[in-house]
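Source file: start05.cif (mmCIF, N, CA, C and O atoms)
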```cif
data_start
#
loop_
_atom_site.label_atom_id
_atom_site.label_comp_id
_atom_site.auth_asym_id
_atom_site.auth_seq_id
_atom_site.Cartn_x
_atom_site.Cartn_y
_atom_site.Cartn_z
N MET A 1 0.81 -4.84 40.84
CA MET A 1 1.25 -5.10 39.48
C MET A 1 0.02 -5.22 38.59
O MET A 1 -0.85 -6.02 38.86
N SER A 2 -0.05 -4.43 37.56
CA SER A 2 -1.19 -4.51 36.66
C SER A 2 -1.00 -5.66 35.67
O SER A 2 0.11 -6.10 35.41
N ASP A 3 -2.09 -6.13 35.11
CA ASP A 3 -2.01 -7.23 34.15
C ASP A 3 -1.22 -6.86 32.91
O ASP A 3 -0.65 -7.73 32.27
N HIS A 4 -1.15 -5.57 32.56
CA HIS A 4 -0.39 -5.16 31.37
C HIS A 4 1.08 -5.46 31.52
O HIS A 4 1.76 -5.71 30.54
N SER A 5 1.59 -5.48 32.73
CA SER A 5 3.00 -5.80 32.93
C SER A 5 3.28 -7.27 32.66
O SER A 5 4.42 -7.67 32.47
N LEU A 6 2.25 -8.10 32.62
CA LEU A 6 2.42 -9.52 32.36
C LEU A 6 2.38 -9.85 30.86
O LEU A 6 2.63 -10.98 30.47
N ASP A 7 2.08 -8.86 30.03
CA ASP A 7 1.96 -9.09 28.59
C ASP A 7 3.27 -9.55 27.96
O ASP A 7 3.25 -10.20 26.91
N ASN A 8 4.39 -9.24 28.55
CA ASN A 8 5.70 -9.61 27.98
C ASN A 8 6.20 -10.96 28.47
O ASN A 8 7.29 -11.37 28.09
N ILE A 9 5.43 -11.64 29.28
CA ILE A 9 5.84 -12.94 29.81
C ILE A 9 5.23 -14.04 28.96
O ILE A 9 4.04 -14.04 28.67
N VAL A 10 6.08 -15.01 28.58
CA VAL A 10 5.63 -16.19 27.86
C VAL A 10 5.65 -17.34 28.87
O VAL A 10 6.70 -17.65 29.44
N VAL A 11 4.51 -17.96 29.08
CA VAL A 11 4.39 -19.02 30.08
C VAL A 11 4.57 -20.37 29.39
O VAL A 11 3.83 -20.72 28.47
N ALA A 12 5.57 -21.14 29.85
CA ALA A 12 5.87 -22.45 29.27
C ALA A 12 4.95 -23.51 29.86
O ALA A 12 4.78 -23.60 31.07
N LEU A 13 4.39 -24.31 28.97
CA LEU A 13 3.51 -25.41 29.38
C LEU A 13 4.17 -26.75 29.09
O LEU A 13 3.53 -27.70 28.65
N ASP A 14 5.45 -26.84 29.34
CA ASP A 14 6.22 -28.04 29.04
C ASP A 14 6.08 -29.08 30.16
O ASP A 14 5.92 -28.73 31.33
N ASN A 15 6.18 -30.34 29.76
CA ASN A 15 6.21 -31.46 30.70
C ASN A 15 4.99 -31.54 31.60
O ASN A 15 5.09 -31.93 32.75
N LEU A 16 3.84 -31.16 31.06
CA LEU A 16 2.59 -31.27 31.80
C LEU A 16 1.64 -32.20 31.06
O LEU A 16 1.65 -32.26 29.83
N GLU A 17 0.84 -32.92 31.80
CA GLU A 17 -0.21 -33.73 31.20
C GLU A 17 -1.35 -32.81 30.75
O GLU A 17 -1.48 -31.69 31.25
N LYS A 18 -2.17 -33.29 29.85
CA LYS A 18 -3.25 -32.47 29.31
C LYS A 18 -4.16 -31.92 30.42
O LYS A 18 -4.51 -30.75 30.41
N HIS A 19 -4.52 -32.75 31.38
CA HIS A 19 -5.40 -32.28 32.46
C HIS A 19 -4.71 -31.23 33.33
O HIS A 19 -5.36 -30.32 33.84
N GLU A 20 -3.39 -31.33 33.47
CA GLU A 20 -2.65 -30.32 34.23
C GLU A 20 -2.63 -28.99 33.48
O GLU A 20 -2.75 -27.92 34.09
N ILE A 21 -2.47 -29.04 32.17
CA ILE A 21 -2.50 -27.83 31.35
C ILE A 21 -3.87 -27.17 31.46
O ILE A 21 -3.97 -25.97 31.66
N GLU A 22 -4.92 -27.97 31.35
CA GLU A 22 -6.27 -27.42 31.42
C GLU A 22 -6.54 -26.78 32.78
O GLU A 22 -7.10 -25.67 32.84
N ASN A 23 -6.14 -27.43 33.86
CA ASN A 23 -6.33 -26.86 35.19
C ASN A 23 -5.55 -25.55 35.35
O ASN A 23 -6.05 -24.57 35.89
N PHE A 24 -4.31 -25.55 34.87
CA PHE A 24 -3.47 -24.36 34.96
C PHE A 24 -4.05 -23.21 34.13
O PHE A 24 -4.11 -22.08 34.58
N MET A 25 -4.51 -23.53 32.92
CA MET A 25 -5.03 -22.50 32.03
C MET A 25 -6.30 -21.86 32.59
O MET A 25 -6.53 -20.67 32.39
N ASP A 26 -7.10 -22.63 33.29
CA ASP A 26 -8.31 -22.05 33.90
C ASP A 26 -7.94 -20.92 34.85
O ASP A 26 -8.68 -19.94 34.98
N ILE A 27 -6.78 -21.02 35.47
CA ILE A 27 -6.31 -19.99 36.40
C ILE A 27 -5.49 -18.92 35.68
O ILE A 27 -5.66 -17.73 35.91
N ALA A 28 -4.59 -19.33 34.79
CA ALA A 28 -3.61 -18.43 34.20
C ALA A 28 -4.09 -17.66 32.97
O ALA A 28 -3.62 -16.54 32.73
N ALA A 29 -5.00 -18.21 32.22
CA ALA A 29 -5.41 -17.59 30.95
C ALA A 29 -5.85 -16.13 31.08
O ALA A 29 -5.49 -15.32 30.23
N PRO A 30 -6.58 -15.77 32.13
CA PRO A 30 -6.99 -14.37 32.22
C PRO A 30 -5.83 -13.39 32.48
O PRO A 30 -5.97 -12.20 32.28
N HIS A 31 -4.69 -13.91 32.90
CA HIS A 31 -3.59 -13.05 33.33
C HIS A 31 -2.43 -12.96 32.35
O HIS A 31 -1.62 -12.04 32.43
N PHE A 32 -2.29 -13.93 31.47
CA PHE A 32 -1.17 -13.97 30.54
C PHE A 32 -1.67 -14.02 29.11
O PHE A 32 -2.75 -14.53 28.83
N LYS A 33 -0.84 -13.55 28.20
CA LYS A 33 -1.22 -13.40 26.80
C LYS A 33 -0.65 -14.51 25.91
O LYS A 33 -1.29 -14.94 24.96
N VAL A 34 0.57 -14.97 26.22
CA VAL A 34 1.26 -15.92 25.35
C VAL A 34 1.67 -17.16 26.15
O VAL A 34 2.23 -17.05 27.24
N PHE A 35 1.44 -18.33 25.55
CA PHE A 35 1.79 -19.60 26.18
C PHE A 35 2.64 -20.42 25.22
O PHE A 35 2.32 -20.53 24.03
N LYS A 36 3.72 -21.00 25.74
CA LYS A 36 4.65 -21.80 24.93
C LYS A 36 4.29 -23.27 25.05
O LYS A 36 4.11 -23.79 26.15
N ILE A 37 4.18 -23.90 23.90
CA ILE A 37 3.97 -25.34 23.85
C ILE A 37 5.18 -25.94 23.15
O ILE A 37 5.52 -25.55 22.03
N GLY A 38 5.85 -26.86 23.82
CA GLY A 38 7.08 -27.44 23.31
C GLY A 38 6.88 -28.70 22.49
O GLY A 38 5.76 -29.21 22.32
N LEU A 39 7.97 -29.22 22.02
CA LEU A 39 7.99 -30.40 21.15
C LEU A 39 7.33 -31.61 21.80
O LEU A 39 6.54 -32.31 21.17
N GLU A 40 7.67 -31.88 23.06
CA GLU A 40 7.14 -33.07 23.73
C GLU A 40 5.61 -33.02 23.81
O GLU A 40 4.93 -34.01 23.54
N THR A 41 5.09 -31.87 24.20
CA THR A 41 3.63 -31.72 24.32
C THR A 41 2.98 -31.82 22.95
O THR A 41 1.94 -32.48 22.79
N PHE A 42 3.58 -31.19 21.95
CA PHE A 42 3.03 -31.25 20.60
C PHE A 42 3.03 -32.69 20.08
O PHE A 42 2.04 -33.14 19.49
N CYS A 43 4.11 -33.41 20.27
CA CYS A 43 4.19 -34.80 19.80
C CYS A 43 3.20 -35.69 20.54
O CYS A 43 2.62 -36.61 19.95
N LYS A 44 3.00 -35.43 21.80
CA LYS A 44 2.12 -36.25 22.62
C LYS A 44 0.64 -36.03 22.27
O LYS A 44 -0.13 -36.98 22.22
N TYR A 45 0.25 -34.76 22.03
CA TYR A 45 -1.17 -34.44 21.85
C TYR A 45 -1.54 -33.97 20.45
O TYR A 45 -2.72 -33.92 20.12
N GLY A 46 -0.57 -33.57 19.64
CA GLY A 46 -0.81 -33.26 18.24
C GLY A 46 -1.41 -31.90 17.95
O GLY A 46 -1.67 -31.09 18.84
N GLN A 47 -1.64 -31.69 16.68
CA GLN A 47 -2.15 -30.41 16.16
C GLN A 47 -3.54 -30.12 16.71
O GLN A 47 -3.88 -28.97 16.96
N GLU A 48 -4.35 -31.14 16.87
CA GLU A 48 -5.72 -30.94 17.37
C GLU A 48 -5.71 -30.29 18.75
O GLU A 48 -6.56 -29.46 19.06
N PHE A 49 -4.71 -30.62 19.57
CA PHE A 49 -4.58 -30.00 20.89
C PHE A 49 -4.37 -28.48 20.75
O PHE A 49 -4.97 -27.71 21.50
N LEU A 50 -3.54 -28.08 19.79
CA LEU A 50 -3.30 -26.65 19.57
C LEU A 50 -4.57 -25.93 19.15
O LEU A 50 -4.87 -24.84 19.64
N ILE A 51 -5.32 -26.55 18.28
CA ILE A 51 -6.57 -25.96 17.80
C ILE A 51 -7.56 -25.82 18.96
O ILE A 51 -8.15 -24.77 19.16
N ASP A 52 -7.70 -26.89 19.74
CA ASP A 52 -8.61 -26.86 20.89
C ASP A 52 -8.16 -25.84 21.93
O ASP A 52 -8.97 -25.14 22.52
N PHE A 53 -6.85 -25.78 22.16
CA PHE A 53 -6.28 -24.83 23.11
C PHE A 53 -6.65 -23.40 22.73
O PHE A 53 -7.14 -22.63 23.55
N PHE A 54 -6.44 -23.08 21.46
CA PHE A 54 -6.72 -21.72 21.00
C PHE A 54 -8.22 -21.41 21.07
O PHE A 54 -8.62 -20.34 21.50
N LYS A 55 -9.04 -22.36 20.65
CA LYS A 55 -10.49 -22.15 20.69
C LYS A 55 -11.00 -21.94 22.11
O LYS A 55 -11.85 -21.10 22.35
N LYS A 56 -10.46 -22.72 23.04
CA LYS A 56 -10.95 -22.65 24.42
C LYS A 56 -10.49 -21.39 25.15
O LYS A 56 -11.25 -20.75 25.85
N TRP A 57 -9.18 -21.04 25.00
CA TRP A 57 -8.64 -19.95 25.80
C TRP A 57 -8.33 -18.69 25.01
O TRP A 57 -8.02 -17.66 25.58
N ASN A 58 -8.36 -18.76 23.69
CA ASN A 58 -8.12 -17.59 22.84
C ASN A 58 -6.86 -16.82 23.24
O ASN A 58 -6.87 -15.61 23.44
N ARG A 59 -5.77 -17.54 23.36
CA ARG A 59 -4.48 -16.97 23.73
C ARG A 59 -3.46 -17.30 22.64
O ARG A 59 -3.59 -18.29 21.92
N GLU A 60 -2.44 -16.44 22.53
CA GLU A 60 -1.37 -16.69 21.56
C GLU A 60 -0.57 -17.92 21.98
O GLU A 60 -0.34 -18.15 23.16
N ILE A 61 -0.14 -18.67 20.96
CA ILE A 61 0.66 -19.87 21.19
C ILE A 61 2.03 -19.65 20.55
O ILE A 61 2.13 -19.33 19.37
N PHE A 62 3.07 -19.86 21.34
CA PHE A 62 4.43 -19.91 20.82
C PHE A 62 4.77 -21.39 20.72
O PHE A 62 4.99 -22.05 21.71
N LEU A 63 4.75 -21.92 19.50
CA LEU A 63 5.02 -23.34 19.27
C LEU A 63 6.52 -23.50 19.12
O LEU A 63 7.11 -23.14 18.10
N ASP A 64 7.15 -24.05 20.13
CA ASP A 64 8.61 -24.16 20.20
C ASP A 64 9.02 -25.61 19.95
O ASP A 64 9.17 -26.38 20.90
N LEU A 65 9.20 -25.96 18.68
CA LEU A 65 9.50 -27.34 18.34
C LEU A 65 11.00 -27.65 18.36
O LEU A 65 11.38 -28.81 18.41
N LYS A 66 11.84 -26.65 18.31
CA LYS A 66 13.31 -26.82 18.41
C LYS A 66 13.81 -28.02 17.60
O LYS A 66 14.50 -28.87 18.11
N LEU A 67 13.48 -28.03 16.35
CA LEU A 67 13.88 -29.14 15.51
C LEU A 67 15.32 -29.03 15.04
O LEU A 67 15.90 -30.01 14.59
N HIS A 68 15.93 -27.85 15.16
CA HIS A 68 17.30 -27.65 14.67
C HIS A 68 18.23 -27.10 15.74
O HIS A 68 19.17 -26.38 15.42
N ASP A 69 18.00 -27.43 17.00
CA ASP A 69 18.90 -26.96 18.07
C ASP A 69 20.14 -27.81 18.14
O ASP A 69 20.17 -28.94 17.89
#
```
Structure translated into structure tokens:
Amino acid sequence: MSDHSLDNIVVALDNLEKHEIENFMDIAAPHFKVFKIGLETFCKYGQEFLIDFFKKWNREIFLDLKLHD
């Protein structure tokens, strides 16, 4: 399976502690293009986490806040 086939997969980073996300991203970032960050993670770590995430791994973020579900 080539890495291009993984471009359509969005990897959810829900219900993980910050250190777990960092450990996972060190492995997954080279293989996936888009990562989903949910409401719980956003509320727990805030906007600064998103900025740091993008700066460190340079990957697309799907911010899924689901405020109107």
Problem - strand (DSSP E) residues, from DSSP on the backbone, in chain A, as a PyMOL selection string - result: chain A and resi 10-12+34-38+60-64
Residues near Leu16 (chain A), anyone? I mean within 8 Å using only N, CA, C and O atoms, not counting same-chain ones fewer than 5 positions away, as a PDB file with N, CA, C and O atoms, keeping the file's coordinate frame.
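Result file result02.pdb:
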```
ATOM      1  N   ILE A  21      -2.470 -29.040  32.170  1.00  0.00           N
ATOM      2  CA  ILE A  21      -2.500 -27.830  31.350  1.00  0.00           C
ATOM      3  C   ILE A  21      -3.870 -27.170  31.460  1.00  0.00           C
ATOM      4  O   ILE A  21      -3.970 -25.970  31.660  1.00  0.00           O
ATOM      5  N   GLU A  22      -4.920 -27.970  31.350  1.00  0.00           N
ATOM      6  CA  GLU A  22      -6.270 -27.420  31.420  1.00  0.00           C
ATOM      7  C   GLU A  22      -6.540 -26.780  32.780  1.00  0.00           C
ATOM      8  O   GLU A  22      -7.100 -25.670  32.840  1.00  0.00           O
ATOM      9  N   GLU A  40       7.670 -31.880  23.060  1.00  0.00           N
ATOM     10  CA  GLU A  40       7.140 -33.070  23.730  1.00  0.00           C
ATOM     11  C   GLU A  40       5.610 -33.020  23.810  1.00  0.00           C
ATOM     12  O   GLU A  40       4.930 -34.010  23.540  1.00  0.00           O
ATOM     13  N   THR A  41       5.090 -31.870  24.200  1.00  0.00           N
ATOM     14  CA  THR A  41       3.630 -31.720  24.320  1.00  0.00           C
ATOM     15  C   THR A  41       2.980 -31.820  22.950  1.00  0.00           C
ATOM     16  O   THR A  41       1.940 -32.480  22.790  1.00  0.00           O
TER      17      THR A  41
END
```
Would you place a box with edges along x, y and z of the file around all atoms of region 22-36 of chain A listed there, add 6 Å to each of its six sides, and report the centre and edge lengths in Å to one decimal, as AutoDock Vina command-line options?
```
--center_x -2.0 --center_y -20.0 --center_z 30.2 --size_x 25.3 --size_y 27.9 --size_z 24.4
```
Handout entry: Pairwise distance for atom C of Lys44 (chain A) and CA of Asn58 (chain A), rounded to one decimal in Å
Key =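 Spanning atom C of Lys44 (chain A) to CA of Asn58 (chain A) is a straight-line distance of 20.4 Å.
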Practice task
Kindly resolve the PyMOL selection byres ((chain A and resi 33) around 5) on the present coordinates and return the residues as JSON, numbers by chain.
Solution key: {"A": [6, 9, 31, 32, 34, 35, 59, 60]}
Practice task
Dig up all the protein and nucleic acid residues within 6 Å of (7.2, -21.1, 25.5) in the file frame, using all atoms listed in the file, and format them as a VMD selection string.
Solution key: chain A and resid 10 to 13 35 to 37 62
Those same residues - N, CA, C and O atoms - I'd like them written as a PDB file, in the coordinates of the input.
```
ATOM      1  N   VAL A  10       6.080 -15.010  28.580  1.00  0.00           N
ATOM      2  CA  VAL A  10       5.630 -16.190  27.860  1.00  0.00           C
ATOM      3  C   VAL A  10       5.650 -17.340  28.870  1.00  0.00           C
ATOM      4  O   VAL A  10       6.700 -17.650  29.440  1.00  0.00           O
ATOM      5  N   VAL A  11       4.510 -17.960  29.080  1.00  0.00           N
ATOM      6  CA  VAL A  11       4.390 -19.020  30.080  1.00  0.00           C
ATOM      7  C   VAL A  11       4.570 -20.370  29.390  1.00  0.00           C
ATOM      8  O   VAL A  11       3.830 -20.720  28.470  1.00  0.00           O
ATOM      9  N   ALA A  12       5.570 -21.140  29.850  1.00  0.00           N
ATOM     10  CA  ALA A  12       5.870 -22.450  29.270  1.00  0.00           C
ATOM     11  C   ALA A  12       4.950 -23.510  29.860  1.00  0.00           C
ATOM     12  O   ALA A  12       4.780 -23.600  31.070  1.00  0.00           O
ATOM     13  N   LEU A  13       4.390 -24.310  28.970  1.00  0.00           N
ATOM     14  CA  LEU A  13       3.510 -25.410  29.380  1.00  0.00           C
ATOM     15  C   LEU A  13       4.170 -26.750  29.090  1.00  0.00           C
ATOM     16  O   LEU A  13       3.530 -27.700  28.650  1.00  0.00           O
ATOM     17  N   PHE A  35       1.440 -18.330  25.550  1.00  0.00           N
ATOM     18  CA  PHE A  35       1.790 -19.600  26.180  1.00  0.00           C
ATOM     19  C   PHE A  35       2.640 -20.420  25.220  1.00  0.00           C
ATOM     20  O   PHE A  35       2.320 -20.530  24.030  1.00  0.00           O
ATOM     21  N   LYS A  36       3.720 -21.000  25.740  1.00  0.00           N
ATOM     22  CA  LYS A  36       4.650 -21.800  24.930  1.00  0.00           C
ATOM     23  C   LYS A  36       4.290 -23.270  25.050  1.00  0.00           C
ATOM     24  O   LYS A  36       4.110 -23.790  26.150  1.00  0.00           O
ATOM     25  N   ILE A  37       4.180 -23.900  23.900  1.00  0.00           N
ATOM     26  CA  ILE A  37       3.970 -25.340  23.850  1.00  0.00           C
ATOM     27  C   ILE A  37       5.180 -25.940  23.150  1.00  0.00           C
ATOM     28  O   ILE A  37       5.520 -25.550  22.030  1.00  0.00           O
ATOM     29  N   PHE A  62       3.070 -19.860  21.340  1.00  0.00           N
ATOM     30  CA  PHE A  62       4.430 -19.910  20.820  1.00  0.00           C
ATOM     31  C   PHE A  62       4.770 -21.390  20.720  1.00  0.00           C
ATOM     32  O   PHE A  62       4.990 -22.050  21.710  1.00  0.00           O
TER      33      PHE A  62
END
```
Exercise for the section: List every protein, DNA or RNA residue with an atom no more than 8 Å from (-6.3, -25.8, 25.9) in the file's coordinates, counting only N, CA, C and O atoms, and format the result as number ranges by chain. Expected result: A: 18, 21-22, 25, 48-58
Handout entry: All helix (DSSP H, G or I) residues (DSSP, backbone) inside chain A, as a PyMOL selection string
Key = chain A and resi 3-6+18-28+39-57
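With atom N of Leu65 (chain A) on one side and atom O of Asp26 (chain A) on the other, the separation reads 24.9 Å.
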Completion exercise
Taken to one decimal, the CA of Leu39 (chain A)-CA of Lys66 (chain A) distance is 7.0 Å
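Considering all atoms listed in the file, the residue among A:Asn8, A:Phe24, A:Gly38, A:His19 positioned nearest to Asp64 (chain A) is A:Gly38.
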